[in-house]
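Novice: What follows is the file coords20.cif, containing mmCIF, C-alpha atoms and all ligand atoms:
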data_model
#
loop_
_atom_site.label_atom_id
_atom_site.label_comp_id
_atom_site.auth_asym_id
_atom_site.auth_seq_id
_atom_site.Cartn_x
_atom_site.Cartn_y
_atom_site.Cartn_z
CA LEU B 42 160.90 51.61 164.64
CA ALA B 43 160.93 51.55 160.86
CA GLN B 44 158.36 54.29 160.83
CA MET B 45 160.38 56.43 163.18
CA ARG B 46 163.38 56.05 160.89
CA ASN B 47 161.20 57.05 157.95
CA SER B 48 160.09 60.26 159.56
CA GLN B 49 163.64 61.09 160.60
CA GLN B 50 164.82 60.64 157.04
CA ARG B 51 161.92 62.74 155.79
CA ASN B 52 162.77 65.48 158.28
CA LEU B 53 166.37 65.43 157.14
CA ILE B 54 165.31 65.95 153.53
CA VAL B 55 162.93 68.77 154.45
CA ARG B 56 165.63 70.41 156.58
CA LEU B 57 168.21 70.17 153.78
CA LEU B 58 165.79 71.76 151.32
CA GLU B 59 164.83 74.54 153.69
CA ASN B 60 168.46 75.42 154.32
CA ASN B 61 169.28 75.34 150.65
CA ARG B 62 167.65 77.83 148.34
CA THR B 63 169.32 76.59 145.15
CA HIS B 64 166.43 74.35 144.02
CA PRO B 65 168.49 71.12 144.04
CA THR B 66 167.73 68.01 141.99
CA ALA B 67 167.00 64.66 143.64
CA ASP B 68 170.59 63.54 143.01
CA GLU B 69 172.02 66.70 144.55
CA LEU B 70 169.77 66.25 147.58
CA TYR B 71 170.87 62.63 147.87
CA GLU B 72 174.52 63.74 148.00
CA MET B 73 173.70 66.34 150.68
CA ALA B 74 171.67 63.82 152.70
CA ARG B 75 174.42 61.21 152.48
CA ALA B 76 176.96 63.68 153.86
CA GLN B 77 174.84 63.82 157.03
CA GLU B 78 173.48 60.31 157.13
CA PRO B 79 175.79 57.93 155.25
CA LYS B 80 173.31 55.05 155.42
CA ILE B 81 170.51 56.82 153.56
CA SER B 82 169.75 55.27 150.16
CA ARG B 83 169.03 57.00 146.87
CA GLY B 84 165.66 55.21 146.76
CA THR B 85 164.70 56.63 150.16
CA VAL B 86 165.48 60.17 149.03
CA TYR B 87 163.51 59.74 145.78
CA ARG B 88 160.56 58.13 147.58
CA ASN B 89 160.39 60.90 150.18
CA LEU B 90 160.64 63.61 147.54
CA ASN B 91 157.70 62.09 145.66
CA LEU B 92 155.70 61.73 148.85
CA LEU B 93 156.41 65.29 150.01
CA SER B 94 155.51 66.76 146.61
CA ASP B 95 152.27 64.75 146.56
CA LEU B 96 151.46 66.11 150.02
CA GLY B 97 152.15 69.64 148.77
CA GLU B 98 154.93 70.15 151.32
CA LEU B 99 157.42 70.96 148.61
CA GLN B 100 157.29 72.04 145.02
CA ARG B 101 158.56 69.90 142.15
CA LEU B 102 159.84 71.91 139.19
CA SER B 103 160.13 70.36 135.77
CA VAL B 104 162.65 71.93 133.42
CA PRO B 105 163.35 71.28 129.73
CA GLY B 106 165.79 68.44 129.06
CA GLY B 107 166.88 67.84 132.64
CA PRO B 108 165.91 66.24 135.93
CA ASP B 109 163.24 67.79 138.17
CA HIS B 110 164.29 70.34 140.79
CA TYR B 111 162.82 70.72 144.27
CA ASP B 112 161.80 73.79 146.25
CA SER B 113 160.75 73.96 149.90
CA ASN B 114 159.01 77.26 149.19
CA THR B 115 155.46 76.21 148.32
CA ASN B 116 154.21 79.77 147.84
CA LYS B 117 153.27 80.51 144.25
CA HIS B 118 156.29 81.98 142.49
CA TYR B 119 158.08 81.85 139.15
CA HIS B 120 161.52 80.58 138.22
CA PHE B 121 164.44 81.21 135.89
CA PHE B 122 166.17 78.20 134.31
CA CYS B 123 169.73 78.51 133.00
CA ARG B 124 169.91 76.38 129.86
CA LYS B 125 173.70 76.11 130.17
CA CYS B 126 174.44 75.07 133.77
CA GLY B 127 170.92 73.77 134.47
CA ARG B 128 170.52 75.78 137.68
CA VAL B 129 167.12 77.11 138.76
CA PHE B 130 166.66 80.53 140.41
CA ASP B 131 163.66 82.32 141.91
CA ALA B 132 162.32 84.99 139.56
CA PRO B 133 160.87 87.88 141.58
CA ILE B 134 157.95 88.55 139.25
CA PRO B 135 154.55 89.19 140.86
CA TYR B 136 152.39 86.08 140.60
CA HIS B 137 149.51 86.55 138.18
CA ASP B 138 146.46 84.95 139.76
CA GLU B 139 144.37 86.21 136.87
CA LEU B 140 146.11 83.70 134.58
CA ASN B 141 144.41 80.88 136.48
CA CYS B 142 141.35 81.14 134.32
CA THR B 143 140.01 79.11 131.41
CA PRO B 144 139.68 80.79 128.01
CA GLU B 145 136.08 81.11 126.93
CA ALA B 146 136.75 79.01 123.82
CA MET B 147 137.70 76.02 126.01
CA LYS B 148 134.28 75.06 127.23
CA GLY B 149 134.38 72.24 129.76
CA PHE B 150 138.02 72.78 130.75
CA GLN B 151 138.90 73.82 134.30
CA THR B 152 142.19 75.64 134.90
CA GLU B 153 143.71 74.92 138.31
CA SER B 154 147.17 76.46 138.05
CA HIS B 155 149.68 77.82 135.59
CA ARG B 156 153.46 77.84 135.27
CA LEU B 157 155.95 80.35 133.99
CA LEU B 158 159.61 79.46 133.49
CA LEU B 159 162.06 82.05 132.22
CA ILE B 160 164.80 80.33 130.20
CA GLY B 161 168.21 81.73 129.31
CA LEU B 162 171.65 82.26 130.81
CA CYS B 163 172.50 82.99 134.46
CA PRO B 164 175.08 85.76 135.14
CA ASP B 165 177.97 83.24 135.43
CA CYS B 166 177.13 81.55 132.14
CA ALA B 167 176.42 84.83 130.36
CA GLU B 168 179.89 86.03 131.40
CA ASN B 169 181.59 82.83 130.21
CA GLU B 170 179.71 83.04 126.93
CA ALA B 171 180.92 86.61 126.42
CA GLU B 172 184.54 85.54 127.11
CA ASP B 173 184.36 82.69 124.61
CA LYS B 174 183.59 85.07 121.77
ZN ZN T 201 174.19 79.13 134.25
ZN ZN T 202 161.66 78.73 144.01
#
In structure tokens, how does this file's structure come out?
Specialist:
Amino acid sequence: LAQMRNSQQRNLIVRLLENNRTHPTADELYEMARAQEPKISRGTVYRNLNLLSDLGELQRLSVPGGPDHYDSNTNKHYHFFCRKCGRVFDAPIPYHDELNCTPEAMKGFQTESHRLLLIGLCPDCAENEAEDK
């Protein structure tokens, strides 16, 4: 029974992420999950997010100076991080597979993946910034 509840809670988290393309943080996902299942605990949401990222069923995105964000899109793609509001957006730049290589000078190293994060202001924040001046 406990296991069944676990998988239901996991499905809820996956469903919430799939229906939400804003790359939410764990706390934001917890709030969304609680709106649908009031008994769900913060620990359950965090535990499932860790498990699902370890399984490769979702992507964990680290950003400078803030909590991790989560993405149900596990295809290789790049992101834009707004340093003001902390939101994460998909950046439609072609993925550069050729960057997954090891420089010749780094003998013995094995590159497995690479990350690219554009950092700056989203349109909303850029507009507010312009108004402040
Ligand atoms: Zn912003
Ligand atoms: Zn994304």
Novice: If the limit is 9 Å from any atom of ligand ZN 202 (chain T), counting only C-alpha atoms and all ligand atoms, which residues qualify? Return them as a list in words.
Specialist: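 Using only C-alpha atoms and all ligand atoms, everything at most 9 Å from ligand ZN 202 (chain T) comes to Arg62, Thr63, His64, Gln100, Leu102, Tyr111, Asp112, Ser113, Asn114, Thr115, Asn116, Lys117, His118, Tyr119, His120, Phe121, Val129, Phe130, Asp131 and Ala132 of chain B.
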Novice: Select from chain B every residue with an atom at most 6 Å from any atom of ligand ZN 201 (chain T), then for each give the shortest pair of atoms and their distance in Å to one decimal, using only C-alpha atoms and all ligand atoms, rows by chain and rising number, as a Markdown table.
Specialist:
| residue | atom | partner | partner_atom | distance |
| --- | --- | --- | --- | --- |
| B:Cys123 | CA | T:ZN201 | ZN | 4.7 |
| B:Lys125 | CA | T:ZN201 | ZN | 5.1 |
| B:Cys126 | CA | T:ZN201 | ZN | 4.1 |
| B:Leu162 | CA | T:ZN201 | ZN | 5.3 |
| B:Cys163 | CA | T:ZN201 | ZN | 4.2 |
| B:Asp165 | CA | T:ZN201 | ZN | 5.7 |
| B:Cys166 | CA | T:ZN201 | ZN | 4.4 |
Novice: Go ahead and save the picked residues with C-alpha atoms, as a PDB file, in the frame of the given file.
Specialist:
ATOM      1  CA  CYS B 123     169.730  78.510 133.000  1.00  0.00           C
ATOM      2  CA  LYS B 125     173.700  76.110 130.170  1.00  0.00           C
ATOM      3  CA  CYS B 126     174.440  75.070 133.770  1.00  0.00           C
ATOM      4  CA  LEU B 162     171.650  82.260 130.810  1.00  0.00           C
ATOM      5  CA  CYS B 163     172.500  82.990 134.460  1.00  0.00           C
ATOM      6  CA  ASP B 165     177.970  83.240 135.430  1.00  0.00           C
ATOM      7  CA  CYS B 166     177.130  81.550 132.140  1.00  0.00           C
TER       8      CYS B 166
END
Novice: Just the number, please: distance in Å from atom CA of B:Thr66 to atom CA of B:Asp109, one decimal.
Specialist: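 Between atom CA of B:Thr66 and atom CA of B:Asp109 the gap works out to 5.9 Å.
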Novice: Using only C-alpha atoms, give me every residue within 12 Å of (170.8, 62.5, 144.1) in file coordinates, as a VMD selection string.
Specialist: chain B and resid 54 65 to 76 81 to 88 90 108 to 111
Novice: May I ask for the distance between atom CA of B:Ser154 and atom CA of B:Asn141, given in Å to one decimal place?
Specialist: 5.4 Å
Novice: Enter the distance from atom CA of B:Leu140 to atom CA of B:Gly97, in Å, rounded to one decimal.
Specialist: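 The value is 20.9 Å.
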Novice: Go through B:Cys142, B:Val55, B:Ala171, B:Leu157 one by one, measure the shortest atom-to-atom distance of each to B:Val104 using all atoms listed in the file, and give the residue with the smallest value.
Specialist: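 Of the candidates, the smallest distance to B:Val104 is held by B:Leu157.
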Novice: Between B:Gly161, B:Glu170, B:Met147, B:Gln49, which one has atoms that come closest to B:Asn89, using only C-alpha atoms?
Specialist: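 Among B:Gly161, B:Glu170, B:Met147, B:Gln49, it is B:Gln49 that comes nearest to B:Asn89.
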Novice: Rank nothing, just name the residue among B:Glu59, B:Gly127, B:Asn169, B:Arg101 nearest to B:Arg156, using only C-alpha atoms.
Specialist: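 Of all the options, B:Arg101 lies closest to B:Arg156.
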Novice: Can you fill out stretch 144-168 of chain B with N, CA and C atoms and hand it back as an mmCIF file, keeping the file's coordinate frame?
Specialist:
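So out08.cif came out as:
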data_model
loop_
_atom_site.group_PDB
_atom_site.id
_atom_site.type_symbol
_atom_site.label_atom_id
_atom_site.label_comp_id
_atom_site.auth_asym_id
_atom_site.auth_seq_id
_atom_site.Cartn_x
_atom_site.Cartn_y
_atom_site.Cartn_z
ATOM 1 N N PRO B 144 140.165 79.992 129.139
ATOM 2 C CA PRO B 144 139.680 80.790 128.010
ATOM 3 C C PRO B 144 138.249 80.384 127.635
ATOM 4 N N GLU B 145 137.486 81.355 127.252
ATOM 5 C CA GLU B 145 136.080 81.110 126.930
ATOM 6 C C GLU B 145 135.912 80.029 125.867
ATOM 7 N N ALA B 146 136.849 79.970 124.924
ATOM 8 C CA ALA B 146 136.750 79.010 123.820
ATOM 9 C C ALA B 146 136.956 77.567 124.286
ATOM 10 N N MET B 147 137.427 77.375 125.526
ATOM 11 C CA MET B 147 137.700 76.020 126.010
ATOM 12 C C MET B 147 136.613 75.551 126.964
ATOM 13 N N LYS B 148 135.426 75.459 126.430
ATOM 14 C CA LYS B 148 134.280 75.060 127.230
ATOM 15 C C LYS B 148 134.515 73.691 127.840
ATOM 16 N N GLY B 149 134.219 73.536 129.114
ATOM 17 C CA GLY B 149 134.380 72.240 129.760
ATOM 18 C C GLY B 149 135.717 72.070 130.458
ATOM 19 N N PHE B 150 136.715 72.881 130.096
ATOM 20 C CA PHE B 150 138.020 72.780 130.750
ATOM 21 C C PHE B 150 138.006 73.561 132.059
ATOM 22 N N GLN B 151 138.795 73.102 133.033
ATOM 23 C CA GLN B 151 138.900 73.820 134.300
ATOM 24 C C GLN B 151 140.363 74.067 134.624
ATOM 25 N N THR B 152 140.795 75.299 134.570
ATOM 26 C CA THR B 152 142.190 75.640 134.900
ATOM 27 C C THR B 152 142.368 75.626 136.416
ATOM 28 N N GLU B 153 143.434 74.968 136.860
ATOM 29 C CA GLU B 153 143.710 74.920 138.310
ATOM 30 C C GLU B 153 144.966 75.685 138.676
ATOM 31 N N SER B 154 145.922 75.751 137.762
ATOM 32 C CA SER B 154 147.170 76.460 138.050
ATOM 33 C C SER B 154 147.840 76.802 136.735
ATOM 34 N N HIS B 155 148.899 77.567 136.796
ATOM 35 C CA HIS B 155 149.680 77.820 135.590
ATOM 36 C C HIS B 155 151.142 77.921 135.988
ATOM 37 N N ARG B 156 152.030 77.772 135.000
ATOM 38 C CA ARG B 156 153.460 77.840 135.270
ATOM 39 C C ARG B 156 154.117 78.820 134.340
ATOM 40 N N LEU B 157 155.155 79.460 134.835
ATOM 41 C CA LEU B 157 155.950 80.350 133.990
ATOM 42 C C LEU B 157 157.404 80.071 134.309
ATOM 43 N N LEU B 158 158.185 79.731 133.299
ATOM 44 C CA LEU B 158 159.610 79.460 133.490
ATOM 45 C C LEU B 158 160.379 80.355 132.526
ATOM 46 N N LEU B 159 161.180 81.253 133.074
ATOM 47 C CA LEU B 159 162.060 82.050 132.220
ATOM 48 C C LEU B 159 163.253 81.169 131.883
ATOM 49 N N ILE B 160 163.688 81.186 130.635
ATOM 50 C CA ILE B 160 164.800 80.330 130.200
ATOM 51 C C ILE B 160 165.860 81.201 129.555
ATOM 52 N N GLY B 161 167.123 80.953 129.893
ATOM 53 C CA GLY B 161 168.210 81.730 129.310
ATOM 54 C C GLY B 161 169.515 81.429 130.002
ATOM 55 N N LEU B 162 170.339 82.450 130.191
ATOM 56 C CA LEU B 162 171.650 82.260 130.810
ATOM 57 C C LEU B 162 171.704 82.990 132.148
ATOM 58 N N CYS B 163 172.281 82.339 133.171
ATOM 59 C CA CYS B 163 172.500 82.990 134.460
ATOM 60 C C CYS B 163 173.708 83.927 134.317
ATOM 61 N N PRO B 164 173.956 84.812 135.288
ATOM 62 C CA PRO B 164 175.080 85.760 135.140
ATOM 63 C C PRO B 164 176.420 85.070 134.897
ATOM 64 N N ASP B 165 176.691 83.952 135.614
ATOM 65 C CA ASP B 165 177.970 83.240 135.430
ATOM 66 C C ASP B 165 178.105 82.754 133.991
ATOM 67 N N CYS B 166 177.065 82.133 133.479
ATOM 68 C CA CYS B 166 177.130 81.550 132.140
ATOM 69 C C CYS B 166 177.142 82.638 131.076
ATOM 70 N N ALA B 167 176.421 83.727 131.320
ATOM 71 C CA ALA B 167 176.420 84.830 130.360
ATOM 72 C C ALA B 167 177.823 85.415 130.244
ATOM 73 N N GLU B 168 178.521 85.491 131.386
ATOM 74 C CA GLU B 168 179.890 86.030 131.400
ATOM 75 C C GLU B 168 180.838 85.107 130.639
#
